[in-house]
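Since the structure comes first, as structure tokens, the remarks are kept for the end.
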Amino acid sequence: MTYSFDWGVLWRYREQLVGGFSLTLALSVLGLAGALGVGVLAGASAESERRWPRGIAAAYIEIARNVPLLVHLYFWYLGLTALRLPAFWCGVLGLGLYSGAYVAEIVRSGLQGVPAGQRAAGLASGLSRRQILRHIVYPQALRIVAPSLAGLFSQLIKDSSLASVISVAELTFVAGAIEGDTFRTFEAYIGITVLYLVAVTAISQITLWTLRSRIVEPAMQY
Amino acid sequence: MDLSVVGRNLPYLAAAFALTLQTAALVIAGGTVTGLLLGLARDAGLSAVRGAAALYIGLIRGTPLLVVVFVVYFALPALIGHRFTAYQAAVVGFIAFIAAYIAEDVRSGMRSVPRGQIEAGLASGLARGQVLRLVVLPQAIRRMIPALFNQFVRLLKFTSVASVIGVTELTGATLAVNAREFKPLPLLTALALAYFLACYALSLLGRWLNRRYAIAS
């Protein structure tokens, strides 16, 4: 091995790295908000008793999931150039709509995980459909999906690296720039890997912790 | 929308689609084998092997695919003194990446086999390797089908990332055609449709295999 390391390069480029890291976090948080909005709506519609919402939700989920994220991003960035959306918002839209399909699947499995007998019991004891969803189904479903949601959030942070391809100056883009300036390829990519690891670990712990502490224990099953 | 631009470039795009499918098949095979070995190493008897596998899996699962591909293509040559072509780097990167995810699926599949069966196998005189090969793996693999096919579909989508380091698979080829013709909307729609068909077919195959081979639990 003839390569000599120079980790000081990370310190010299600290400002760019911090900027890239903040942009990665901003992309992830906004993408996540979009994914949750679309995903909860699509997931609940997919479980609806009416045909139209069910069909539309199923079509959205299948299409969004079976097309690569990179193609989602290019679609907003290149395909819809007429809209003149800034690259950052193309990234948010692409990430949100792509991950939304996964959120929908998680929501669906959470709703299905609540035993049917509990809805029947709710109806029998005189609650309205809305009350049943709010007081019986959702609190338990949230607990069921907590680990999958935590996994999805960390996935989203990692996926946001693809926004560098449509020229959003997030973390991976910054690493490429540092590499271009200094040829310190290894240091740059290992440096951002550590930052991604920190973000991913933090976000999944925070998600698990907030969801666990805010929701009820699942009801006993007979 | 005028799709004639797709028709004009069909031979080129079809060849690129074939490369995408071929790459996906290659990394699916490579990733499954590597992931299986890694999953076994993660539960190995030797604690050093176990620790190394755990470290690798944790590191990869916290890193974006794009960064893994960049490390293999740009950074590894400086360390090992061997330069991969873009295509080789993409394939190595995809396999190295997905193996960490498949390893975890392998582990949970193996754990789904009841302990009593392993003990029964050992008690009836099978060696540990035989218990693994004849009792645990056949059942574990059948239980792993849905999880594995999830990863396979992910891999098929991931192959698009190879375009970023200059491989002209389907995404790279479509962008190249777009650079000449500048008809982004029809080209990207056709691109999305091609991936959709391939991924959907792959997940249908997974569902069919699962219906056929799943073990009722």
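Lettering and numbering for the structure tokens are positional, with chains as A, B, ... in the shown order, residues counted from 1 in each chain, and ligands counted from 1 in the shown order.
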Legend entry - Counting only C-alpha atoms, chain B residues within 9 Å of chain A, as a ChimeraX atom specification: /B:58-59,61-68,70-71,74-76,78-81,153-154,156-161,164,171,183-189,191-200
Include N, CA and C atoms and write out the residues we just selected as a short mmCIF file (atom, residue, chain, number, x, y, z; two decimals), in the first residue's frame.
data_model
loop_
_atom_site.label_atom_id
_atom_site.label_comp_id
_atom_site.auth_asym_id
_atom_site.auth_seq_id
_atom_site.Cartn_x
_atom_site.Cartn_y
_atom_site.Cartn_z
N GLY B 58 -22.87 -3.69 9.72
CA GLY B 58 -23.28 -2.41 10.30
C GLY B 58 -22.81 -1.23 9.47
N LEU B 59 -21.56 -1.32 9.01
CA LEU B 59 -20.97 -0.22 8.23
C LEU B 59 -21.70 -0.03 6.91
N ARG B 61 -24.71 -1.07 6.04
CA ARG B 61 -26.11 -0.70 6.17
C ARG B 61 -26.29 0.76 6.56
N GLY B 62 -25.21 1.38 7.05
CA GLY B 62 -25.31 2.80 7.37
C GLY B 62 -24.82 3.70 6.25
N THR B 63 -24.42 3.10 5.13
CA THR B 63 -23.81 3.88 4.04
C THR B 63 -24.69 3.85 2.80
N PRO B 64 -24.85 4.99 2.12
CA PRO B 64 -25.64 4.98 0.89
C PRO B 64 -24.97 4.16 -0.20
N LEU B 65 -25.78 3.55 -1.05
CA LEU B 65 -25.26 2.75 -2.16
C LEU B 65 -24.30 3.57 -3.04
N LEU B 66 -24.69 4.81 -3.31
CA LEU B 66 -23.87 5.65 -4.19
C LEU B 66 -22.46 5.81 -3.62
N VAL B 67 -22.38 5.97 -2.29
CA VAL B 67 -21.07 6.15 -1.66
C VAL B 67 -20.26 4.86 -1.76
N VAL B 68 -20.93 3.71 -1.58
CA VAL B 68 -20.22 2.43 -1.71
C VAL B 68 -19.65 2.30 -3.12
N PHE B 70 -18.92 4.72 -5.23
CA PHE B 70 -17.83 5.68 -5.38
C PHE B 70 -16.56 5.18 -4.71
N VAL B 71 -16.70 4.59 -3.52
CA VAL B 71 -15.52 4.09 -2.82
C VAL B 71 -14.85 3.02 -3.67
N PHE B 74 -13.55 4.97 -7.07
CA PHE B 74 -12.56 6.05 -6.96
C PHE B 74 -11.52 5.81 -5.86
N ALA B 75 -11.98 5.27 -4.70
CA ALA B 75 -11.08 5.25 -3.55
C ALA B 75 -10.27 3.96 -3.44
N LEU B 76 -10.88 2.82 -3.72
CA LEU B 76 -10.15 1.55 -3.57
C LEU B 76 -8.88 1.48 -4.42
N ALA B 78 -6.66 3.55 -5.01
CA ALA B 78 -5.54 4.17 -4.31
C ALA B 78 -4.99 3.23 -3.25
N LEU B 79 -5.86 2.40 -2.67
CA LEU B 79 -5.43 1.52 -1.59
C LEU B 79 -4.84 0.22 -2.12
N ILE B 80 -5.52 -0.39 -3.09
CA ILE B 80 -5.10 -1.73 -3.50
C ILE B 80 -4.29 -1.71 -4.80
N GLY B 81 -4.19 -0.54 -5.42
CA GLY B 81 -3.35 -0.43 -6.60
C GLY B 81 -3.92 -1.11 -7.83
N VAL B 153 -35.62 -7.02 -6.17
CA VAL B 153 -36.25 -5.89 -6.86
C VAL B 153 -35.47 -4.62 -6.58
N ARG B 154 -35.03 -4.46 -5.31
CA ARG B 154 -34.20 -3.30 -4.98
C ARG B 154 -32.95 -3.28 -5.86
N LEU B 156 -32.45 -4.63 -8.78
CA LEU B 156 -32.78 -4.30 -10.17
C LEU B 156 -32.91 -2.78 -10.33
N LYS B 157 -33.54 -2.14 -9.34
CA LYS B 157 -33.66 -0.69 -9.41
C LYS B 157 -32.29 -0.03 -9.22
N PHE B 158 -31.49 -0.62 -8.30
CA PHE B 158 -30.17 -0.04 -8.02
C PHE B 158 -29.27 0.01 -9.24
N THR B 159 -29.46 -0.93 -10.18
CA THR B 159 -28.53 -0.95 -11.31
C THR B 159 -28.52 0.40 -12.02
N SER B 160 -29.61 1.19 -11.87
CA SER B 160 -29.64 2.51 -12.50
C SER B 160 -28.52 3.41 -11.99
N VAL B 161 -28.07 3.16 -10.75
CA VAL B 161 -27.04 4.00 -10.14
C VAL B 161 -25.71 3.86 -10.89
N VAL B 164 -24.31 6.67 -12.96
CA VAL B 164 -23.62 7.83 -12.38
C VAL B 164 -22.11 7.74 -12.59
N THR B 171 -30.49 3.43 -17.85
CA THR B 171 -30.60 4.84 -17.47
C THR B 171 -29.54 5.68 -18.18
N LYS B 183 -35.54 15.16 -25.71
CA LYS B 183 -36.97 14.87 -25.55
C LYS B 183 -37.14 14.17 -24.21
N PRO B 184 -36.91 14.91 -23.10
CA PRO B 184 -36.84 14.22 -21.80
C PRO B 184 -38.11 13.50 -21.39
N LEU B 185 -39.26 14.12 -21.65
CA LEU B 185 -40.48 13.53 -21.09
C LEU B 185 -40.81 12.16 -21.69
N PRO B 186 -40.85 12.02 -23.04
CA PRO B 186 -41.13 10.68 -23.58
C PRO B 186 -40.04 9.68 -23.20
N LEU B 187 -38.79 10.11 -23.21
CA LEU B 187 -37.70 9.18 -22.90
C LEU B 187 -37.79 8.69 -21.46
N LEU B 188 -38.03 9.63 -20.53
CA LEU B 188 -38.08 9.23 -19.13
C LEU B 188 -39.33 8.39 -18.83
N THR B 189 -40.42 8.68 -19.54
CA THR B 189 -41.62 7.87 -19.33
C THR B 189 -41.37 6.43 -19.79
N LEU B 191 -38.50 5.03 -19.96
CA LEU B 191 -37.53 4.47 -19.01
C LEU B 191 -38.23 3.93 -17.78
N ALA B 192 -39.14 4.75 -17.23
CA ALA B 192 -39.87 4.33 -16.03
C ALA B 192 -40.70 3.09 -16.33
N LEU B 193 -41.31 3.07 -17.50
CA LEU B 193 -42.16 1.93 -17.88
C LEU B 193 -41.33 0.65 -17.97
N ALA B 194 -40.13 0.76 -18.57
CA ALA B 194 -39.28 -0.42 -18.71
C ALA B 194 -38.90 -0.98 -17.34
N TYR B 195 -38.48 -0.09 -16.43
CA TYR B 195 -38.12 -0.56 -15.08
C TYR B 195 -39.34 -1.15 -14.39
N PHE B 196 -40.48 -0.48 -14.56
CA PHE B 196 -41.69 -0.96 -13.90
C PHE B 196 -42.00 -2.39 -14.33
N LEU B 197 -41.96 -2.63 -15.65
CA LEU B 197 -42.29 -3.97 -16.15
C LEU B 197 -41.32 -5.01 -15.60
N ALA B 198 -40.02 -4.67 -15.65
CA ALA B 198 -39.03 -5.64 -15.19
C ALA B 198 -39.19 -5.92 -13.69
N CYS B 199 -39.35 -4.85 -12.90
CA CYS B 199 -39.45 -5.03 -11.44
C CYS B 199 -40.73 -5.74 -11.07
N TYR B 200 -41.82 -5.39 -11.77
CA TYR B 200 -43.10 -5.99 -11.44
C TYR B 200 -43.06 -7.48 -11.77
#
Inset, instruction - Can you pull out every residue within 12 Å of Pro138 (chain B), counting only C-alpha atoms, but drop anything in the same chain fewer than 3 positions away, and send it as a list of chain:residue names? - result: B:Val106, B:Gly109, B:Met110, B:Ser112, B:Val113, B:Gln130, B:Val131, B:Leu132, B:Arg133, B:Leu134, B:Val135, B:Ile141, B:Arg142, B:Arg143, B:Met144, B:Ile145, B:Tyr213, B:Ala214, B:Ile215
Legend entry - Polymer residues at most 7 Å from region 22-38 of chain B, only C-alpha atoms, same-chain spacing of 3 or more positions, as a list in words: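 So, after excluding close chain neighbours, the residues are Ala18, Leu19, Ala41, Arg42, Ala53, Val91, Phe94, Ile95, Ile98, Ala99, Ala100, Ile102, Ala103, Val106, Phe152, Leu155, Leu156 and Thr159 of chain B.
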Got time to write the residues from that selection, C-alpha atoms, as a PDB file, in the first residue's frame?
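part_8.pdb, freshly written:
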ATOM      1  CA  ALA B  18     -30.504  -6.121 -21.950  1.00  0.00           C
ATOM      2  CA  LEU B  19     -27.355  -4.913 -20.177  1.00  0.00           C
ATOM      3  CA  ALA B  41     -20.223 -15.778   9.257  1.00  0.00           C
ATOM      4  CA  ARG B  42     -22.344 -13.459  11.393  1.00  0.00           C
ATOM      5  CA  ALA B  53     -19.078  -9.793   9.870  1.00  0.00           C
ATOM      6  CA  VAL B  91     -21.011  -4.811  -9.975  1.00  0.00           C
ATOM      7  CA  PHE B  94     -23.762  -3.583  -5.712  1.00  0.00           C
ATOM      8  CA  ILE B  95     -22.750  -7.035  -4.480  1.00  0.00           C
ATOM      9  CA  ILE B  98     -26.700  -5.888  -0.990  1.00  0.00           C
ATOM     10  CA  ALA B  99     -24.814  -8.743   0.707  1.00  0.00           C
ATOM     11  CA  ALA B 100     -25.094  -6.882   4.019  1.00  0.00           C
ATOM     12  CA  ILE B 102     -29.274 -10.297   2.439  1.00  0.00           C
ATOM     13  CA  ALA B 103     -27.078 -11.485   5.330  1.00  0.00           C
ATOM     14  CA  VAL B 106     -30.513 -15.073   5.971  1.00  0.00           C
ATOM     15  CA  PHE B 152     -33.773  -8.544  -5.751  1.00  0.00           C
ATOM     16  CA  LEU B 155     -31.102  -4.531  -6.795  1.00  0.00           C
ATOM     17  CA  LEU B 156     -32.776  -4.298 -10.175  1.00  0.00           C
ATOM     18  CA  THR B 159     -28.526  -0.954 -11.308  1.00  0.00           C
TER      19      THR B 159
END
Closest-contact table, region 67-106 of chain A side, partner region 33-50 of chain A, 7 Å, counting only C-alpha atoms, as a tab-separated table:
residue	atom	partner	partner_atom	distance
A:Gly96	CA	A:Ala35	CA	4.3
A:Leu97	CA	A:Ala35	CA	6.0
A:Ser99	CA	A:Ala35	CA	5.4
A:Gly100	CA	A:Ala35	CA	3.9
A:Ala101	CA	A:Gly39	CA	5.8
A:Val103	CA	A:Gly39	CA	4.7
A:Ala104	CA	A:Gly43	CA	3.9
A:Glu105	CA	A:Gly43	CA	6.2
Can those selected residues be exported to a file as a PDB file, in the first residue's frame so that it contains N, CA and C atoms?
ATOM      1  N   GLY A  96     -39.856  12.039  -1.630  1.00  0.00           N
ATOM      2  CA  GLY A  96     -41.136  11.917  -0.934  1.00  0.00           C
ATOM      3  C   GLY A  96     -42.068  10.944  -1.630  1.00  0.00           C
ATOM      4  N   LEU A  97     -42.171  11.071  -2.964  1.00  0.00           N
ATOM      5  CA  LEU A  97     -43.121  10.206  -3.678  1.00  0.00           C
ATOM      6  C   LEU A  97     -42.610   8.769  -3.762  1.00  0.00           C
ATOM      7  N   SER A  99     -40.524   7.244  -1.477  1.00  0.00           N
ATOM      8  CA  SER A  99     -40.626   6.621  -0.146  1.00  0.00           C
ATOM      9  C   SER A  99     -42.056   6.536   0.332  1.00  0.00           C
ATOM     10  N   GLY A 100     -42.919   7.419  -0.194  1.00  0.00           N
ATOM     11  CA  GLY A 100     -44.320   7.384   0.202  1.00  0.00           C
ATOM     12  C   GLY A 100     -44.951   6.025  -0.050  1.00  0.00           C
ATOM     13  N   ALA A 101     -44.550   5.381  -1.159  1.00  0.00           N
ATOM     14  CA  ALA A 101     -45.095   4.062  -1.471  1.00  0.00           C
ATOM     15  C   ALA A 101     -44.695   3.050  -0.401  1.00  0.00           C
ATOM     16  N   VAL A 103     -43.967   3.866   2.759  1.00  0.00           N
ATOM     17  CA  VAL A 103     -44.745   4.226   3.949  1.00  0.00           C
ATOM     18  C   VAL A 103     -46.144   3.617   3.841  1.00  0.00           C
ATOM     19  N   ALA A 104     -46.743   3.712   2.637  1.00  0.00           N
ATOM     20  CA  ALA A 104     -48.094   3.184   2.444  1.00  0.00           C
ATOM     21  C   ALA A 104     -48.146   1.695   2.776  1.00  0.00           C
ATOM     22  N   GLU A 105     -47.145   0.954   2.314  1.00  0.00           N
ATOM     23  CA  GLU A 105     -47.115  -0.481   2.593  1.00  0.00           C
ATOM     24  C   GLU A 105     -46.993  -0.736   4.092  1.00  0.00           C
TER      25      GLU A 105
END
Legend entry - Selection: 9 Å around Leu211 (chain A), only C-alpha atoms, excl. self and same-chain fewer than 4 positions, as a PyMOL selection string: chain A and resi 142-143+146+206-207+215
Legend entry - Selected residue, from B:Asn150, B:Ile57, B:Thr168, B:Trp208, that lies nearest to Ala86 (chain B) when counting only C-alpha atoms: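 Ranking B:Asn150, B:Ile57, B:Thr168, B:Trp208 by distance to Ala86 (chain B), first place goes to B:Thr168.
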Determine, counting only C-alpha atoms, which protein, DNA and RNA residues have an atom within 12 Å of an atom of Pro147 (chain A); residues of the same chain fewer than 5 positions away are not included. Present the result as a short mmCIF file (atom, residue, chain, number, x, y, z; two decimals) with C-alpha atoms, in the first residue's frame.
data_model
loop_
_atom_site.label_atom_id
_atom_site.label_comp_id
_atom_site.auth_asym_id
_atom_site.auth_seq_id
_atom_site.Cartn_x
_atom_site.Cartn_y
_atom_site.Cartn_z
CA ILE A 106 -46.01 -0.07 6.21
CA VAL A 107 -49.25 1.70 7.13
CA GLY A 110 -49.97 -1.88 10.55
CA ALA A 141 -51.10 0.20 14.42
CA LEU A 142 -48.54 2.91 15.24
CA LEU A 152 -37.53 3.60 6.42
CA PHE A 153 -36.31 6.92 7.82
CA SER A 154 -32.71 5.78 7.84
CA ILE A 203 -32.68 9.19 13.40
CA SER A 204 -33.67 5.57 13.92
CA GLN A 205 -33.10 5.80 17.67
CA ILE A 206 -35.10 9.03 17.90
CA THR A 207 -37.97 7.56 15.87
CA LEU A 208 -38.16 4.42 17.96
CA TRP A 209 -37.98 6.39 21.16
CA THR A 210 -40.69 8.94 20.30
CA LEU A 211 -43.07 6.35 18.88
CA ARG A 212 -42.58 3.95 21.78
#
Legend entry - Neighbour list for Arg8 (chain B) as a ChimeraX atom specification, cut-off 12 Å, only C-alpha atoms, skip fewer than 5 positions in-chain: /B:2-3,13-14,177,181,187
